[in-house]
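Note: the block below is work.txt and it holds compact mmCIF, C-alpha atoms and all ligand atoms.
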# COMPACT_ATOMS: atom_id res chain seq x y z
CA MET A 488 23.71 -59.08 -10.08
CA THR A 489 22.42 -62.63 -9.57
CA ALA A 490 18.77 -63.77 -9.72
CA SER A 491 18.46 -63.32 -5.93
CA ASN A 492 19.55 -59.66 -6.20
CA ARG A 493 23.01 -60.46 -4.80
CA ILE A 494 26.34 -59.66 -6.39
CA LEU A 495 28.63 -62.33 -7.82
CA ARG A 496 32.01 -61.88 -6.11
CA TYR A 497 33.70 -65.14 -7.13
CA SER A 498 32.73 -67.22 -10.18
CA LEU A 499 32.62 -71.02 -9.83
CA ALA A 500 36.00 -71.28 -11.60
CA GLU A 501 37.52 -68.75 -9.18
CA ARG A 502 36.17 -70.69 -6.18
CA VAL A 503 37.50 -74.01 -7.51
CA MET A 504 40.86 -72.33 -8.15
CA HIS A 505 40.90 -70.90 -4.61
CA TRP A 506 40.02 -74.15 -2.87
CA VAL A 507 42.46 -76.25 -4.89
CA ALA A 508 45.15 -73.73 -3.83
CA ALA A 509 43.97 -73.77 -0.20
CA ILE A 510 43.81 -77.58 0.15
CA ALA A 511 47.13 -78.07 -1.66
CA TYR A 512 48.76 -75.37 0.48
CA MET A 513 47.52 -76.88 3.75
CA TYR A 514 48.91 -80.31 2.79
CA VAL A 515 52.28 -78.88 1.74
CA MET A 516 52.45 -76.69 4.87
CA ALA A 517 51.58 -79.60 7.18
CA THR A 518 54.12 -82.02 5.64
CA GLY A 519 56.73 -79.22 5.42
CA LEU A 520 56.30 -78.45 9.14
CA ALA A 521 56.80 -82.17 9.84
CA PHE A 522 60.18 -82.08 8.03
CA TYR A 523 61.10 -78.75 9.68
CA SER A 524 61.07 -79.81 13.32
CA PRO A 525 61.35 -83.15 15.15
CA HIS A 526 58.61 -81.83 17.45
CA LEU A 527 56.23 -81.77 14.47
CA TYR A 528 57.29 -85.07 12.91
CA TRP A 529 54.08 -86.67 14.21
CA ILE A 530 52.19 -84.75 11.47
CA ALA A 531 53.91 -86.91 8.82
CA THR A 532 52.86 -90.03 10.73
CA ILE A 533 49.23 -88.89 10.72
CA LEU A 534 49.40 -88.07 7.00
CA GLY A 535 50.30 -91.62 5.95
CA GLY A 536 53.90 -91.91 7.16
CA PRO A 537 57.19 -90.08 6.50
CA ALA A 538 57.92 -91.77 3.14
CA THR A 539 54.43 -90.97 1.80
CA SER A 540 54.71 -87.36 3.01
CA ARG A 541 58.16 -86.99 1.43
CA PHE A 542 56.86 -88.40 -1.86
CA TRP A 543 53.77 -86.16 -2.08
CA HIS A 544 55.15 -82.92 -0.58
CA PRO A 545 56.98 -81.73 -3.74
CA LEU A 546 54.27 -82.95 -6.12
CA VAL A 547 51.40 -81.24 -4.25
CA ALA A 548 53.67 -78.18 -3.96
CA LEU A 549 53.80 -78.04 -7.79
CA LEU A 550 49.98 -78.08 -7.79
CA PHE A 551 49.91 -75.24 -5.24
CA VAL A 552 52.36 -73.04 -7.15
CA GLY A 553 50.48 -73.86 -10.36
CA THR A 554 47.19 -72.62 -8.85
CA VAL A 555 48.86 -69.40 -7.63
CA PHE A 556 49.99 -68.78 -11.24
CA TRP A 557 46.42 -69.55 -12.31
CA MET A 558 45.30 -66.82 -9.84
CA LEU A 559 47.86 -64.49 -11.41
CA GLY A 560 46.29 -65.14 -14.81
CA VAL A 561 42.75 -64.48 -13.54
CA TRP A 562 43.33 -61.70 -10.96
CA ARG A 563 46.40 -59.88 -12.23
CA SER A 564 44.57 -56.63 -13.00
CA ASP A 565 42.50 -56.81 -9.76
CA MET A 566 45.73 -57.20 -7.74
CA ARG A 567 47.52 -54.12 -9.08
CA ILE A 568 48.14 -51.55 -6.32
CA THR A 569 46.47 -48.25 -7.23
CA ALA A 570 46.23 -44.66 -5.98
CA ALA A 571 42.86 -45.58 -4.38
CA ASP A 572 44.65 -48.30 -2.37
CA ARG A 573 47.23 -45.78 -1.15
CA ARG A 574 44.47 -43.40 -0.01
CA TRP A 575 42.73 -46.30 1.75
CA ASN A 576 46.02 -47.35 3.36
CA ALA A 577 46.65 -43.80 4.60
CA ALA A 578 43.30 -44.00 6.44
CA ILE A 579 43.91 -47.49 7.86
CA ASP A 580 43.31 -46.31 11.44
CA ARG A 581 39.59 -46.05 10.51
CA TYR A 582 39.68 -49.67 9.34
CA ILE A 583 41.23 -50.68 12.66
CA ARG A 584 38.48 -48.76 14.52
CA ASN A 585 35.81 -50.51 12.35
CA ASP A 586 34.76 -47.17 10.80
CA ASP A 587 34.55 -48.83 7.36
CA GLU A 588 31.91 -46.33 6.19
CA ASP A 589 34.49 -43.50 6.41
CA LEU A 590 37.23 -45.25 4.43
CA PRO A 591 38.17 -44.03 0.94
CA PRO A 592 36.49 -46.29 -1.68
CA ILE A 593 38.47 -49.20 -3.14
CA ASP A 594 38.02 -51.70 -5.94
CA ARG A 595 37.65 -55.49 -5.76
CA PHE A 596 40.41 -56.16 -3.16
CA ASN A 597 41.95 -54.06 -0.41
CA ILE A 598 45.69 -53.44 -0.18
CA GLY A 599 46.12 -56.13 2.51
CA GLN A 600 44.49 -58.73 0.25
CA LYS A 601 46.75 -57.61 -2.59
CA TYR A 602 49.92 -57.81 -0.47
CA PHE A 603 48.82 -61.27 0.65
CA PHE A 604 48.49 -62.42 -2.94
CA TRP A 605 51.88 -60.99 -3.99
CA ALA A 606 53.55 -62.47 -0.88
CA MET A 607 52.17 -65.93 -1.77
CA LEU A 608 53.26 -65.56 -5.40
CA TRP A 609 56.83 -64.39 -4.69
CA ALA A 610 57.33 -66.77 -1.78
CA GLY A 611 55.91 -69.51 -4.03
CA ILE A 612 58.51 -68.73 -6.69
CA VAL A 613 61.36 -68.84 -4.12
CA LEU A 614 59.95 -72.11 -2.71
CA LEU A 615 59.72 -73.59 -6.20
CA ILE A 616 63.32 -72.74 -7.19
CA SER A 617 64.89 -73.69 -3.83
CA GLY A 618 62.63 -76.76 -3.65
CA MET A 619 63.88 -78.04 -7.02
CA VAL A 620 67.44 -77.90 -5.66
CA LEU A 621 66.37 -79.88 -2.55
CA TRP A 622 64.38 -82.32 -4.70
CA PHE A 623 67.21 -83.02 -7.15
CA PRO A 624 70.44 -82.15 -5.29
CA GLU A 625 72.45 -84.43 -7.60
CA TRP A 626 71.86 -81.88 -10.37
CA ILE A 627 73.99 -79.35 -8.50
CA PRO A 628 77.74 -80.02 -8.86
CA TRP A 629 79.57 -80.41 -5.52
CA GLY A 630 81.65 -77.34 -6.30
CA TRP A 631 78.39 -75.36 -6.19
CA ARG A 632 77.33 -76.70 -2.79
CA ALA A 633 76.75 -73.12 -1.55
CA VAL A 634 73.63 -73.23 -3.77
CA ARG A 635 72.39 -76.27 -1.83
CA TYR A 636 72.99 -74.60 1.55
CA ALA A 637 71.39 -71.34 0.38
CA SER A 638 68.39 -73.31 -0.89
CA ILE A 639 67.79 -74.86 2.54
CA LEU A 640 67.77 -71.42 4.18
CA LEU A 641 65.66 -69.79 1.46
CA HIS A 642 63.17 -72.67 1.44
CA VAL A 643 62.58 -72.40 5.18
CA ALA A 644 62.49 -68.57 5.18
CA ALA A 645 59.97 -68.39 2.30
CA ALA A 646 57.85 -71.15 3.86
CA LEU A 647 57.68 -69.25 7.16
CA VAL A 648 56.58 -66.09 5.28
CA THR A 649 53.70 -68.07 3.74
CA VAL A 650 52.71 -69.56 7.12
CA GLY A 651 52.48 -66.07 8.66
CA ALA A 652 50.56 -64.71 5.67
CA PHE A 653 48.26 -67.76 5.64
CA ILE A 654 47.37 -67.37 9.35
CA ILE A 655 46.49 -63.69 8.83
CA HIS A 656 44.50 -64.51 5.65
CA VAL A 657 42.39 -67.22 7.32
CA TYR A 658 41.81 -65.07 10.41
CA MET A 659 40.75 -62.03 8.32
CA GLY A 660 38.60 -64.11 5.95
CA THR A 661 36.77 -66.12 8.60
CA ALA A 662 36.68 -64.08 11.85
CA VAL A 663 37.15 -60.40 10.96
CA VAL A 664 35.34 -59.70 7.69
CA ARG A 665 31.85 -61.16 8.05
CA GLY A 666 30.39 -62.24 4.71
CA GLY A 667 33.82 -62.87 3.13
CA PHE A 668 33.83 -66.60 3.88
CA THR A 669 30.33 -67.10 2.43
CA SER A 670 31.49 -65.33 -0.72
CA ILE A 671 34.38 -67.75 -1.34
CA ILE A 672 32.00 -70.71 -0.74
CA ARG A 673 28.79 -69.61 -2.47
CA GLY A 674 30.20 -66.88 -4.67
CA GLU A 675 27.76 -64.13 -3.73
CA VAL A 676 27.67 -61.08 -1.44
CA SER A 677 24.89 -58.64 -0.58
CA PRO A 678 24.89 -55.25 -2.32
CA ALA A 679 25.34 -53.64 1.13
CA TRP A 680 28.49 -55.73 1.79
CA ALA A 681 29.93 -54.90 -1.62
CA ARG A 682 29.19 -51.20 -1.16
CA MET A 683 30.66 -51.08 2.33
CA HIS A 684 33.91 -52.98 1.67
CA HIS A 685 34.63 -52.43 -2.05
CA ARG A 686 32.64 -49.42 -3.25
CA LEU A 687 34.47 -48.84 -6.56
CA TRP A 688 34.03 -52.52 -7.45
CA TYR A 689 30.37 -52.38 -6.40
CA GLU A 690 29.75 -49.35 -8.63
CA ARG A 691 31.57 -51.00 -11.53
CA VAL A 692 29.71 -54.33 -11.39
CA SER A 693 26.26 -53.02 -10.42
CA GLY A 694 26.33 -49.96 -12.69
CA LYS A 695 25.06 -47.78 -9.78
C1 LIG B 1 41.60 -72.69 4.90
C2 LIG B 1 42.25 -71.87 4.11
C3 LIG B 1 41.67 -70.62 3.53
C4 LIG B 1 40.55 -69.90 3.88
C5 LIG B 1 39.57 -70.20 5.00
C6 LIG B 1 40.45 -68.79 2.96
C7 LIG B 1 39.46 -67.83 2.97
C8 LIG B 1 39.27 -66.86 2.01
C9 LIG B 1 38.17 -65.92 1.97
C10 LIG B 1 37.06 -65.87 2.99
C11 LIG B 1 38.33 -65.15 0.88
C12 LIG B 1 37.39 -64.03 0.41
C13 LIG B 1 37.82 -62.70 0.97
C14 LIG B 1 36.97 -61.56 0.44
O1 LIG B 1 36.66 -61.53 -0.76
O2 LIG B 1 36.66 -60.67 1.24
C15 LIG B 1 39.56 -65.55 0.24
C16 LIG B 1 40.10 -64.95 -0.88
C17 LIG B 1 41.36 -65.23 -1.36
N1 LIG B 1 42.18 -66.28 -0.98
FE1 LIG B 1 41.84 -67.57 0.54
N2 LIG B 1 41.51 -68.84 2.09
C18 LIG B 1 42.29 -69.92 2.40
C19 LIG B 1 43.46 -70.31 1.81
C20 LIG B 1 44.10 -69.61 0.81
C21 LIG B 1 45.40 -69.92 0.27
C22 LIG B 1 46.32 -71.06 0.73
C23 LIG B 1 45.68 -69.01 -0.67
C24 LIG B 1 46.95 -69.01 -1.45
C25 LIG B 1 47.27 -68.33 -2.47
C26 LIG B 1 44.53 -68.10 -0.76
C27 LIG B 1 44.42 -67.03 -1.61
C28 LIG B 1 43.35 -66.18 -1.69
C29 LIG B 1 43.32 -65.01 -2.52
C30 LIG B 1 44.46 -64.52 -3.42
C31 LIG B 1 42.06 -64.43 -2.34
C32 LIG B 1 41.52 -63.15 -2.98
C33 LIG B 1 42.09 -61.93 -2.29
C34 LIG B 1 41.98 -62.00 -0.80
O3 LIG B 1 40.87 -62.05 -0.27
O4 LIG B 1 43.04 -62.07 -0.14
N3 LIG B 1 43.60 -68.50 0.17
N4 LIG B 1 40.10 -66.62 0.94

Can the structure from this file be put into structure tokens for me?
Ligand code: HEM
Amino acid sequence: MTASNRILRYSLAERVMHWVAAIAYMYVMATGLAFYSPHLYWIATILGGPATSRFWHPLVALLFVGTVFWMLGVWRSDMRITAADRRWNAAIDRYIRNDDEDLPPIDRFNIGQKYFFWAMLWAGIVLLISGMVLWFPEWIPWGWRAVRYASILLHVAAALVTVGAFIIHVYMGTAVVRGGFTSIIRGEVSPAWARMHHRLWYERVSGK
């Protein structure tokens, strides 16, 4: 509980971690989309020109993947999928109907939030490995050129997975779950919000 009788959902360090990941991701996504399609090449022009975008894209990508590993270090135990998540998932039709009160209780994150995190982590790992091949193709002997071709396909496929996951994440966090966005900015939620959306977590942190 904080001084104003609210519950701390994200510490300052967690919020900094989140927003470094978010800003880095949006830059890498925007420049990546510019390289993906000639129709989107204008994005690179807006972001300082194609050469600047090509220079910063892999470096900011390293920052993004680094922050996702930082998240893994901080949230690993919160992100484990549990029996409570499976019960909640089995009742997902109530979530869709906005009957949140009748859902089985869950801990700090719901199963959708957890899948989102794991999707970003695994796609991030694929992007990192395939991206290194695209960054330094001269390291791959010509006889192994299948690795280069596979990397192009894997890089695009994993990037598109993150774009889909990102759109859902932003939509859920800003438009669907009221109070979520304030929590990742100011850190706090009301006890009623915590109880309604994450009852096991609420009971654990409030001792009620
Ligand atoms: C403009 C971009 C973004 C917005 C508006 C946003 C919004 C939010 C919000 C509102 C929450 C709190 C949800 C809650 O506790 O109920 C959250 C949590 C989180 N965000 Fe983001 N986010 C953005 C980008 C990202 C990116 C790029 C990642 C990449 C890894 C990310 C990873 C997470 C994770 C792992 C959590 C905790 C679990 C979850 O809620 O999914 N976010 N974000």

Handout entry: atom CA of Leu520 of chain A to atom CA of Ser540 of chain A, straight-line distance in Å
Key =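 We find that atom CA of Ser540 of chain A and atom CA of Leu520 of chain A lie 10.9 Å from each other.
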
Exercise for the section: Find the residues near segment 604-614 of chain A: any atom within 7 Å, counting only C-alpha atoms, skip ones fewer than 2 places away on the same chain, and give them as an NGL selection string. Expected result: :A and (552 or 555 or 600-602 or 616-618 or 642 or 645-646 or 649)

Exercise for the section: Determine the nearest neighbour of Leu687 of chain A from the options A:Trp626, A:Trp631, A:Tyr523, A:Phe596, counting only C-alpha atoms. Expected result: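 Of A:Trp626, A:Trp631, A:Tyr523, A:Phe596, the one nearest Leu687 of chain A, counting only C-alpha atoms, is A:Phe596.
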
Practice task
Pick out the closest residue to ligand LIG 1 (chain B) from this set: A:Arg691, A:Arg567, A:His656, A:Arg686. Count only C-alpha atoms and all ligand atoms.
Solution key: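 Result for the nearest residue to ligand LIG 1 (chain B): A:His656.
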
Handout entry: Straight-line distance linking atom CA of Arg595 of chain A with atom O3 of ligand LIG 1 (chain B), stated in Å to one decimal
Key =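 Between atom CA of Arg595 of chain A and atom O3 of ligand LIG 1 (chain B) the gap is 9.1 Å.
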
Exercise for the section: Give me the residues within 6 Å of segment 674-680 of chain A as a list of chain:residue names, counting only C-alpha atoms and dropping any in the same chain fewer than 2 places off. Expected result: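 The filter keeps A:Arg493, A:Ile494, A:Leu495, A:Arg496, A:Tyr497, A:Ser670, A:Ile671, A:Ile672, A:Arg682, A:Met683.
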
Handout entry: Nearest to ligand LIG 1 (chain B), chosen from A:Trp557, A:Tyr528, A:Phe623, A:Tyr512, with all atoms listed in the file counted in the distances
Key = A:Tyr512

Handout entry: Of the listed residues A:Ile583, A:Met566, A:Met619, A:Ala577, that which approaches ligand LIG 1 (chain B) most closely, counting all atoms listed in the file
Key =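 With all atoms listed in the file as the atom set, the closest residue is A:Met566.
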
Exercise for the section: Tell me, as a list in words, which residues lie within 9 Å of His505 of chain A, counting all atoms listed in the file; anything in the same chain fewer than 2 positions away does not count. Expected result: Ala500, Glu501, Arg502, Val503, Val507, Ala508, Ala509, Ile510, Thr554, Val555, Met558 and Ile671 of chain A

Practice task
Kindly indicate which residue among A:Met504, A:Ala511, A:Val634, A:Ile593 lies nearest to Trp688 of chain A, using only C-alpha atoms for the distances.
Solution key: A:Ile593

Exercise for the section: Figure out the distance between atom CA of Val561 of chain A and atom C21 of ligand LIG 1 (chain B), please, to one decimal in Å. Expected result: 15.1 Å

Report as lines of an AutoDock Vina configuration file the centre and the edge lengths, in Å to one decimal, of the axis-aligned box holding every listed atom of segment 629-642 of chain A, padded by 6 Å on each side.
center_x = 72.4
center_y = -75.1
center_z = -1.1
size_x = 30.5
size_y = 22.6
size_z = 22.5

Exercise for the section: Between A:Arg584, A:Arg563, A:His526, A:Arg573, single out the one closest to ligand LIG 1 (chain B), counting all atoms listed in the file. Expected result: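 Closest candidate: A:Arg563.
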
Problem - Exercise: Ala531 of chain A partners within 9 Å, all atoms listed in the file, chain neighbours under 3 positions left out, as a PyMOL selection string - result: chain A and resi 517-522+527-528+534-541
